[in-house]
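The block underneath contains the structure these notes are about, expressed in structure tokens.
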Amino acid sequence: MVKLTIIGRVSDGLPLAQGPRYVNEEENDSFSTYKQQGEFILEEISRAALPLSNANIRIDHHCFYYIVGHGVCFMTLCDSSYPRKLVHCYLQELAKEFEKFDTSLVERITKPYSFIRFGSIIGNIRRQYVDTRTQTNLSKLNAKSLQNVDFVTEDFSQIVKRRKRSYLLERATESSEQVSQIWGSKKLEVIALKWTPITILSFVGAILLWTSLIARDDQGVYGY
């Protein structure tokens with residue numbers, strides 16, 4: 001069953017449109033989580049952390065599938081048992097319908113899910129794939145042209161782990177660069193050239209003063 005569909009821009013990960021959701025009562029509380037996970041996957045695609053090709057992201061008893069074309073990602077959440085061939089056909093149909101719109105429209109959208117018009121199109125196409133036993137869908141499943149449909153498979157948990165490692169590495173690199181910039185800056189060099197001699201003279205003066213004080217104390221003790 002196709003339960004959630006998100007269309008997003010690859011360049012920056014902005015979600016452009018979504019289709020009507022389809023979940024049962026038990027899954028209703030988890031729907032917002034699924035949506036956030038889909039948006040996270042879209043962000044990873046925009047960061048080039050996931051392949052720009054057919055991919056399948058496994059999570060719990062569901063799978064996110066997506067295809068990418070002309071800078072747009074077409075993603076859907078299905079039951080893990082839903083046929084891959086039908087998922088591929090569904091996403092391909094979405095891509096074909098999307099191509100009918102002005103391509104410059106994709107770049108002009110600035111707010112998430114503001115391409116509301118395409119949401120109704122998603123709903124119309126999804127209804128054709130609800131029942132896998134219809135004659136049309138059975139014909140698609142038996143089509144020889146779809147025998148080699150394949151998706152790169154990933155686990156959502158592994159994607160999250162890679163993102164955490166990447167984040168920690170970026171933070172460590174930024175901290176290292178900040179320290180290098182401070183110690184390697186021209187300003188610090190000027191300060192060092194200005195104050196290092198003064199510091200040395202002050203240190204030497206303090207030693208001389210301390211030495212003279214000790215000498216005076218010795219004269220007082222021995223009566224010189």
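Numbering starts fresh at 1 for the residues of each chain in the structure tokens, the chains themselves are lettered A, B, ... in the order given, and ligands are numbered from 1 as they appear.
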Compile the contact shell of A:Leu86 as a list of chain:residue names: residues with an atom at most 12 Å away, counting only C-alpha atoms, same-chain residues fewer than 6 positions apart removed.
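Close residues of A:Leu86: A:Met1, A:Val2, A:Tyr65, A:Thr76, A:Cys78, A:Gln92, A:Glu93, A:Ile125, A:Arg126, A:Gln128, A:Tyr129, A:Val130, A:Asp131, A:Thr132, A:Arg133, A:Thr134, A:Thr136, A:Asn137, A:Leu138, A:Ser139, A:Lys140, A:Leu141, A:Asn142, A:Ala143, A:Leu146, A:Gln147, A:Val149, A:Asp150.
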Could you name the residues that touch A:Ile7 at 8 Å or less, counting only C-alpha atoms, but leaving out those on the same chain fewer than 5 positions away, as JSON, numbers by chain?
{"A": [15, 16, 17, 18, 72, 73, 74, 75]}
Closest pair table for stretch 18-84 of chain A residues within 12 Å of stretch 163-176 of chain A, only C-alpha atoms, as JSON lines:
{"residue": "A:Phe40", "atom": "CA", "partner": "A:Arg163", "partner_atom": "CA", "distance": 10.1}
{"residue": "A:Ile41", "atom": "CA", "partner": "A:Arg163", "partner_atom": "CA", "distance": 10.6}
{"residue": "A:Glu43", "atom": "CA", "partner": "A:Arg163", "partner_atom": "CA", "distance": 10.5}
{"residue": "A:Glu44", "atom": "CA", "partner": "A:Arg163", "partner_atom": "CA", "distance": 8.2}
{"residue": "A:Ile45", "atom": "CA", "partner": "A:Arg163", "partner_atom": "CA", "distance": 11.7}
{"residue": "A:Arg47", "atom": "CA", "partner": "A:Arg163", "partner_atom": "CA", "distance": 10.2}
{"residue": "A:Ala48", "atom": "CA", "partner": "A:Arg163", "partner_atom": "CA", "distance": 11.5}
{"residue": "A:Ala49", "atom": "CA", "partner": "A:Arg163", "partner_atom": "CA", "distance": 8.4}
{"residue": "A:Leu50", "atom": "CA", "partner": "A:Arg163", "partner_atom": "CA", "distance": 10.8}
Keeping only N, CA, C and O atoms, write those residues as a PDB file, in the first residue's frame.
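As a result, out05.pdb now contains:
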ATOM      1  N   PHE A  40      14.034  13.839   6.123  1.00  0.00           N
ATOM      2  CA  PHE A  40      15.441  13.605   6.453  1.00  0.00           C
ATOM      3  C   PHE A  40      16.154  12.925   5.282  1.00  0.00           C
ATOM      4  O   PHE A  40      17.279  13.300   4.924  1.00  0.00           O
ATOM      5  N   ILE A  41      15.505  11.935   4.685  1.00  0.00           N
ATOM      6  CA  ILE A  41      16.086  11.250   3.523  1.00  0.00           C
ATOM      7  C   ILE A  41      16.292  12.240   2.381  1.00  0.00           C
ATOM      8  O   ILE A  41      17.327  12.223   1.702  1.00  0.00           O
ATOM      9  N   GLU A  43      16.862  15.412   2.630  1.00  0.00           N
ATOM     10  CA  GLU A  43      18.029  16.233   2.977  1.00  0.00           C
ATOM     11  C   GLU A  43      19.331  15.495   2.670  1.00  0.00           C
ATOM     12  O   GLU A  43      20.292  16.091   2.171  1.00  0.00           O
ATOM     13  N   GLU A  44      19.362  14.195   2.987  1.00  0.00           N
ATOM     14  CA  GLU A  44      20.560  13.405   2.729  1.00  0.00           C
ATOM     15  C   GLU A  44      20.829  13.289   1.225  1.00  0.00           C
ATOM     16  O   GLU A  44      21.986  13.275   0.793  1.00  0.00           O
ATOM     17  N   ILE A  45      19.772  13.200   0.441  1.00  0.00           N
ATOM     18  CA  ILE A  45      19.942  13.165  -1.016  1.00  0.00           C
ATOM     19  C   ILE A  45      20.531  14.488  -1.494  1.00  0.00           C
ATOM     20  O   ILE A  45      21.434  14.514  -2.337  1.00  0.00           O
ATOM     21  N   ARG A  47      22.454  16.412   0.120  1.00  0.00           N
ATOM     22  CA  ARG A  47      23.842  16.478   0.574  1.00  0.00           C
ATOM     23  C   ARG A  47      24.737  15.489  -0.171  1.00  0.00           C
ATOM     24  O   ARG A  47      25.929  15.395   0.105  1.00  0.00           O
ATOM     25  N   ALA A  48      24.139  14.763  -1.123  1.00  0.00           N
ATOM     26  CA  ALA A  48      24.849  13.731  -1.873  1.00  0.00           C
ATOM     27  C   ALA A  48      25.325  12.598  -0.967  1.00  0.00           C
ATOM     28  O   ALA A  48      26.291  11.900  -1.270  1.00  0.00           O
ATOM     29  N   ALA A  49      24.649  12.422   0.180  1.00  0.00           N
ATOM     30  CA  ALA A  49      24.974  11.323   1.090  1.00  0.00           C
ATOM     31  C   ALA A  49      24.234  10.049   0.702  1.00  0.00           C
ATOM     32  O   ALA A  49      24.519   8.978   1.236  1.00  0.00           O
ATOM     33  N   LEU A  50      23.275  10.167  -0.218  1.00  0.00           N
ATOM     34  CA  LEU A  50      22.542   9.024  -0.748  1.00  0.00           C
ATOM     35  C   LEU A  50      22.599   9.082  -2.272  1.00  0.00           C
ATOM     36  O   LEU A  50      22.736  10.165  -2.849  1.00  0.00           O
TER      37      LEU A  50
END
Residues near A:Asn124, cut-off 12 Å, only C-alpha atoms, skip fewer than 5 positions along chain, as a PyMOL selection string:
chain A and resi 19-20+90+93-94+97+117-119+129-130
Go ahead and save the picked residues with C-alpha atoms, as an mmCIF file, in the first residue's frame.
data_model
loop_
_atom_site.group_PDB
_atom_site.id
_atom_site.type_symbol
_atom_site.label_atom_id
_atom_site.label_comp_id
_atom_site.auth_asym_id
_atom_site.auth_seq_id
_atom_site.Cartn_x
_atom_site.Cartn_y
_atom_site.Cartn_z
ATOM 1 C CA GLY A 19 0.002 13.428 -1.486
ATOM 2 C CA PRO A 20 -2.925 12.438 0.722
ATOM 3 C CA TYR A 90 3.945 4.689 -9.549
ATOM 4 C CA GLU A 93 4.013 8.151 -13.511
ATOM 5 C CA LEU A 94 4.493 10.905 -10.940
ATOM 6 C CA GLU A 97 3.085 14.232 -14.736
ATOM 7 C CA ARG A 117 -1.805 21.702 -7.125
ATOM 8 C CA PHE A 118 0.374 18.638 -7.572
ATOM 9 C CA GLY A 119 -0.990 17.119 -4.362
ATOM 10 C CA TYR A 129 -2.117 1.519 -7.174
ATOM 11 C CA VAL A 130 -4.166 0.799 -4.050
#
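Between atom CA of A:Ser114 and atom CA of A:Asp102 the separation is 15.3 Å.
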Apply DSSP to the structure's backbone, then extract all residues of stretch 42-199 of chain A labelled alpha helix (DSSP H) and return them as a PDB file with C-alpha atoms, in the first residue's frame.
ATOM      1  CA  LEU A  42      15.432  14.136   1.142  1.00  0.00           C
ATOM      2  CA  GLU A  43      18.029  16.233   2.977  1.00  0.00           C
ATOM      3  CA  GLU A  44      20.560  13.405   2.729  1.00  0.00           C
ATOM      4  CA  ILE A  45      19.942  13.165  -1.016  1.00  0.00           C
ATOM      5  CA  SER A  46      20.554  16.920  -1.344  1.00  0.00           C
ATOM      6  CA  ARG A  84       8.736  -3.108  -6.227  1.00  0.00           C
ATOM      7  CA  LYS A  85       7.585  -3.117  -9.830  1.00  0.00           C
ATOM      8  CA  LEU A  86       4.404  -1.276  -8.936  1.00  0.00           C
ATOM      9  CA  VAL A  87       6.357   1.197  -6.802  1.00  0.00           C
ATOM     10  CA  HIS A  88       8.605   1.906  -9.767  1.00  0.00           C
ATOM     11  CA  CYS A  89       5.615   2.395 -12.090  1.00  0.00           C
ATOM     12  CA  TYR A  90       3.945   4.689  -9.549  1.00  0.00           C
ATOM     13  CA  LEU A  91       7.010   6.899  -9.171  1.00  0.00           C
ATOM     14  CA  GLN A  92       7.579   6.961 -12.934  1.00  0.00           C
ATOM     15  CA  GLU A  93       4.013   8.151 -13.511  1.00  0.00           C
ATOM     16  CA  LEU A  94       4.493  10.905 -10.940  1.00  0.00           C
ATOM     17  CA  ALA A  95       7.683  12.002 -12.711  1.00  0.00           C
ATOM     18  CA  LYS A  96       5.935  12.122 -16.101  1.00  0.00           C
ATOM     19  CA  GLU A  97       3.085  14.232 -14.736  1.00  0.00           C
ATOM     20  CA  PHE A  98       5.529  16.562 -13.017  1.00  0.00           C
ATOM     21  CA  SER A 104      11.278  27.035 -13.809  1.00  0.00           C
ATOM     22  CA  LEU A 105       8.447  26.626 -11.309  1.00  0.00           C
ATOM     23  CA  VAL A 106      10.581  24.213  -9.294  1.00  0.00           C
ATOM     24  CA  GLU A 107      13.217  26.869  -8.675  1.00  0.00           C
ATOM     25  CA  ARG A 108      10.690  29.580  -7.791  1.00  0.00           C
ATOM     26  CA  ILE A 116      -0.539  22.247  -3.596  1.00  0.00           C
ATOM     27  CA  ARG A 117      -1.805  21.702  -7.125  1.00  0.00           C
ATOM     28  CA  PHE A 118       0.374  18.638  -7.572  1.00  0.00           C
ATOM     29  CA  GLY A 119      -0.990  17.119  -4.362  1.00  0.00           C
ATOM     30  CA  SER A 120      -4.301  16.306  -6.056  1.00  0.00           C
ATOM     31  CA  ILE A 121      -2.435  14.721  -8.974  1.00  0.00           C
ATOM     32  CA  ILE A 122      -0.558  12.494  -6.533  1.00  0.00           C
ATOM     33  CA  GLY A 123      -3.884  11.422  -5.015  1.00  0.00           C
ATOM     34  CA  ASN A 124      -5.351  10.518  -8.413  1.00  0.00           C
ATOM     35  CA  ILE A 125      -2.350   8.431  -9.413  1.00  0.00           C
ATOM     36  CA  ARG A 126      -2.090   6.727  -6.021  1.00  0.00           C
ATOM     37  CA  ARG A 127      -5.657   5.453  -6.241  1.00  0.00           C
ATOM     38  CA  GLN A 135      -6.031  -6.184 -14.218  1.00  0.00           C
ATOM     39  CA  THR A 136      -3.945  -3.097 -14.941  1.00  0.00           C
ATOM     40  CA  ASN A 137      -1.600  -3.682 -12.041  1.00  0.00           C
ATOM     41  CA  LEU A 138      -1.306  -7.394 -12.761  1.00  0.00           C
ATOM     42  CA  SER A 139      -0.300  -6.531 -16.325  1.00  0.00           C
ATOM     43  CA  LYS A 140       2.395  -4.208 -14.984  1.00  0.00           C
ATOM     44  CA  LEU A 141       3.677  -6.923 -12.674  1.00  0.00           C
ATOM     45  CA  ASN A 142       3.931  -9.370 -15.585  1.00  0.00           C
ATOM     46  CA  PHE A 156      17.475   3.967   7.695  1.00  0.00           C
ATOM     47  CA  SER A 157      19.378   3.343  10.936  1.00  0.00           C
ATOM     48  CA  GLN A 158      22.673   3.214   9.034  1.00  0.00           C
ATOM     49  CA  ILE A 159      21.869   6.482   7.273  1.00  0.00           C
ATOM     50  CA  VAL A 160      21.273   8.142  10.642  1.00  0.00           C
ATOM     51  CA  LYS A 161      24.566   6.783  12.016  1.00  0.00           C
ATOM     52  CA  ARG A 162      26.482   8.113   9.009  1.00  0.00           C
ATOM     53  CA  ARG A 163      24.861  11.512   9.450  1.00  0.00           C
ATOM     54  CA  LYS A 164      25.912  11.628  13.122  1.00  0.00           C
ATOM     55  CA  ARG A 165      29.499  10.705  12.260  1.00  0.00           C
ATOM     56  CA  SER A 166      29.557  13.326   9.527  1.00  0.00           C
ATOM     57  CA  TYR A 167      28.203  15.956  11.910  1.00  0.00           C
ATOM     58  CA  LEU A 168      30.821  15.167  14.568  1.00  0.00           C
ATOM     59  CA  LEU A 169      33.592  15.248  11.958  1.00  0.00           C
ATOM     60  CA  GLU A 170      32.386  18.626  10.654  1.00  0.00           C
ATOM     61  CA  ARG A 171      32.319  20.064  14.185  1.00  0.00           C
ATOM     62  CA  ALA A 172      35.824  18.775  14.894  1.00  0.00           C
ATOM     63  CA  THR A 173      37.098  20.232  11.617  1.00  0.00           C
ATOM     64  CA  GLU A 174      35.477  23.608  12.328  1.00  0.00           C
ATOM     65  CA  SER A 175      37.017  23.744  15.819  1.00  0.00           C
ATOM     66  CA  SER A 176      40.442  22.884  14.412  1.00  0.00           C
ATOM     67  CA  GLU A 177      40.150  25.570  11.739  1.00  0.00           C
ATOM     68  CA  GLN A 178      39.103  28.184  14.290  1.00  0.00           C
ATOM     69  CA  VAL A 179      42.151  27.423  16.442  1.00  0.00           C
ATOM     70  CA  SER A 180      44.425  27.549  13.398  1.00  0.00           C
ATOM     71  CA  GLN A 181      42.941  30.865  12.312  1.00  0.00           C
ATOM     72  CA  ILE A 182      43.541  32.378  15.755  1.00  0.00           C
ATOM     73  CA  TRP A 183      47.148  31.211  16.102  1.00  0.00           C
ATOM     74  CA  LYS A 186      48.376  38.412  11.391  1.00  0.00           C
ATOM     75  CA  LYS A 187      46.776  40.185  14.343  1.00  0.00           C
ATOM     76  CA  LEU A 188      48.161  37.641  16.790  1.00  0.00           C
ATOM     77  CA  GLU A 189      51.568  37.915  15.120  1.00  0.00           C
ATOM     78  CA  VAL A 190      51.572  41.701  15.617  1.00  0.00           C
ATOM     79  CA  ILE A 191      50.546  41.304  19.253  1.00  0.00           C
ATOM     80  CA  ALA A 192      53.305  38.743  19.797  1.00  0.00           C
ATOM     81  CA  LEU A 193      55.967  41.003  18.228  1.00  0.00           C
ATOM     82  CA  LYS A 194      54.805  43.923  20.326  1.00  0.00           C
ATOM     83  CA  TRP A 195      54.446  42.278  23.721  1.00  0.00           C
ATOM     84  CA  THR A 196      57.080  39.519  23.704  1.00  0.00           C
ATOM     85  CA  PRO A 197      60.042  41.936  24.246  1.00  0.00           C
ATOM     86  CA  ILE A 198      58.109  43.792  26.949  1.00  0.00           C
ATOM     87  CA  THR A 199      57.326  40.506  28.683  1.00  0.00           C
TER      88      THR A 199
END
Find the residues around A:Leu14 up to 9 Å (only C-alpha atoms counted), leave out those fewer than 3 positions away in its own chain, and share them as a ChimeraX atom specification.
/A:7-11,39,42-43,46,109-113
Suppose we keep C-alpha atoms; can you now write the selection as a PDB file, in the first residue's frame?
ATOM      1  CA  ILE A   7       8.093  15.368  -3.993  1.00  0.00           C
ATOM      2  CA  GLY A   8      11.245  17.349  -3.213  1.00  0.00           C
ATOM      3  CA  ARG A   9      13.911  19.530  -4.794  1.00  0.00           C
ATOM      4  CA  VAL A  10      17.319  17.872  -4.846  1.00  0.00           C
ATOM      5  CA  SER A  11      19.437  21.041  -4.834  1.00  0.00           C
ATOM      6  CA  GLU A  39      12.198  14.788   4.837  1.00  0.00           C
ATOM      7  CA  LEU A  42      15.432  14.136   1.142  1.00  0.00           C
ATOM      8  CA  GLU A  43      18.029  16.233   2.977  1.00  0.00           C
ATOM      9  CA  SER A  46      20.554  16.920  -1.344  1.00  0.00           C
ATOM     10  CA  ILE A 109       9.112  27.648  -4.911  1.00  0.00           C
ATOM     11  CA  THR A 110      10.414  28.884  -1.550  1.00  0.00           C
ATOM     12  CA  LYS A 111       8.004  27.419   1.024  1.00  0.00           C
ATOM     13  CA  PRO A 112       7.738  23.719   1.940  1.00  0.00           C
ATOM     14  CA  TYR A 113       4.789  21.854   0.406  1.00  0.00           C
TER      15      TYR A 113
END
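Here the DSSP assignment of strand (DSSP E or B), based on backbone atoms, applies within stretch 11-153 of chain A to A:Pro15, A:Leu16, A:Ala17, A:Gln18, A:Ala55, A:Asn56, A:Ile57, A:Arg58, A:Ile59, A:His62, A:Cys63, A:Phe64, A:Tyr65, A:Tyr66, A:Ile67, A:Val68, A:Gly69, A:Val72, A:Cys73, A:Phe74, A:Met75, A:Thr76, A:Leu77, A:Cys78, A:Asp79, A:Val152, A:Thr153.
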Write to file, as a compact mmCIF listing (two decimals), in the first residue's frame, the residues of the selection just made, with N, CA and C atoms.
# COMPACT_ATOMS: atom_id res chain seq x y z
N PRO A 15 10.99 20.14 0.42
CA PRO A 15 9.82 19.37 -0.03
C PRO A 15 8.84 20.29 -0.75
N LEU A 16 8.46 19.92 -1.96
CA LEU A 16 7.60 20.77 -2.78
C LEU A 16 6.12 20.42 -2.66
N ALA A 17 5.83 19.12 -2.61
CA ALA A 17 4.43 18.68 -2.57
C ALA A 17 4.34 17.34 -1.86
N GLN A 18 3.14 17.05 -1.37
CA GLN A 18 2.87 15.75 -0.75
C GLN A 18 1.48 15.29 -1.13
N ALA A 55 16.37 4.01 -5.25
CA ALA A 55 16.83 3.54 -3.94
C ALA A 55 15.66 3.11 -3.08
N ASN A 56 15.96 2.20 -2.18
CA ASN A 56 14.98 1.65 -1.25
C ASN A 56 15.54 1.77 0.16
N ILE A 57 14.85 2.51 1.02
CA ILE A 57 15.29 2.71 2.40
C ILE A 57 14.39 1.90 3.33
N ARG A 58 14.95 0.90 3.96
CA ARG A 58 14.15 0.04 4.85
C ARG A 58 14.03 0.65 6.24
N ILE A 59 12.81 0.62 6.77
CA ILE A 59 12.57 1.14 8.11
C ILE A 59 11.36 0.42 8.71
N HIS A 62 8.24 -1.03 6.87
CA HIS A 62 7.96 -0.20 5.71
C HIS A 62 9.24 0.05 4.91
N CYS A 63 9.05 0.63 3.73
CA CYS A 63 10.18 1.01 2.89
C CYS A 63 9.90 2.36 2.23
N PHE A 64 10.90 3.21 2.24
CA PHE A 64 10.85 4.42 1.42
C PHE A 64 11.52 4.08 0.08
N TYR A 65 10.82 4.38 -1.00
CA TYR A 65 11.40 4.23 -2.33
C TYR A 65 11.50 5.63 -2.95
N TYR A 66 12.54 5.83 -3.73
CA TYR A 66 12.60 7.10 -4.45
C TYR A 66 13.36 6.96 -5.77
N ILE A 67 13.00 7.84 -6.69
CA ILE A 67 13.75 7.99 -7.94
C ILE A 67 14.03 9.48 -8.10
N VAL A 68 15.06 9.81 -8.87
CA VAL A 68 15.45 11.20 -9.06
C VAL A 68 15.52 11.50 -10.54
N GLY A 69 14.96 12.63 -10.93
CA GLY A 69 15.02 13.04 -12.33
C GLY A 69 14.88 14.53 -12.48
N VAL A 72 14.65 16.66 -9.33
CA VAL A 72 13.49 16.45 -8.45
C VAL A 72 13.49 15.01 -7.95
N CYS A 73 13.18 14.85 -6.66
CA CYS A 73 13.09 13.53 -6.06
C CYS A 73 11.63 13.14 -5.85
N PHE A 74 11.27 11.95 -6.29
CA PHE A 74 9.92 11.42 -6.13
C PHE A 74 10.01 10.25 -5.14
N MET A 75 9.42 10.42 -3.98
CA MET A 75 9.58 9.46 -2.89
C MET A 75 8.23 8.99 -2.36
N THR A 76 8.16 7.72 -1.99
CA THR A 76 6.93 7.19 -1.42
C THR A 76 7.25 6.18 -0.32
N LEU A 77 6.35 6.08 0.64
CA LEU A 77 6.45 5.11 1.73
C LEU A 77 5.42 4.02 1.49
N CYS A 78 5.88 2.76 1.52
CA CYS A 78 4.99 1.62 1.29
C CYS A 78 5.22 0.55 2.33
N ASP A 79 4.28 -0.38 2.40
CA ASP A 79 4.52 -1.60 3.17
C ASP A 79 5.70 -2.33 2.53
N VAL A 152 18.70 0.41 -5.16
CA VAL A 152 19.79 0.33 -4.19
C VAL A 152 19.17 0.30 -2.80
N THR A 153 19.53 -0.69 -1.99
CA THR A 153 18.91 -0.87 -0.67
C THR A 153 19.78 -0.31 0.45
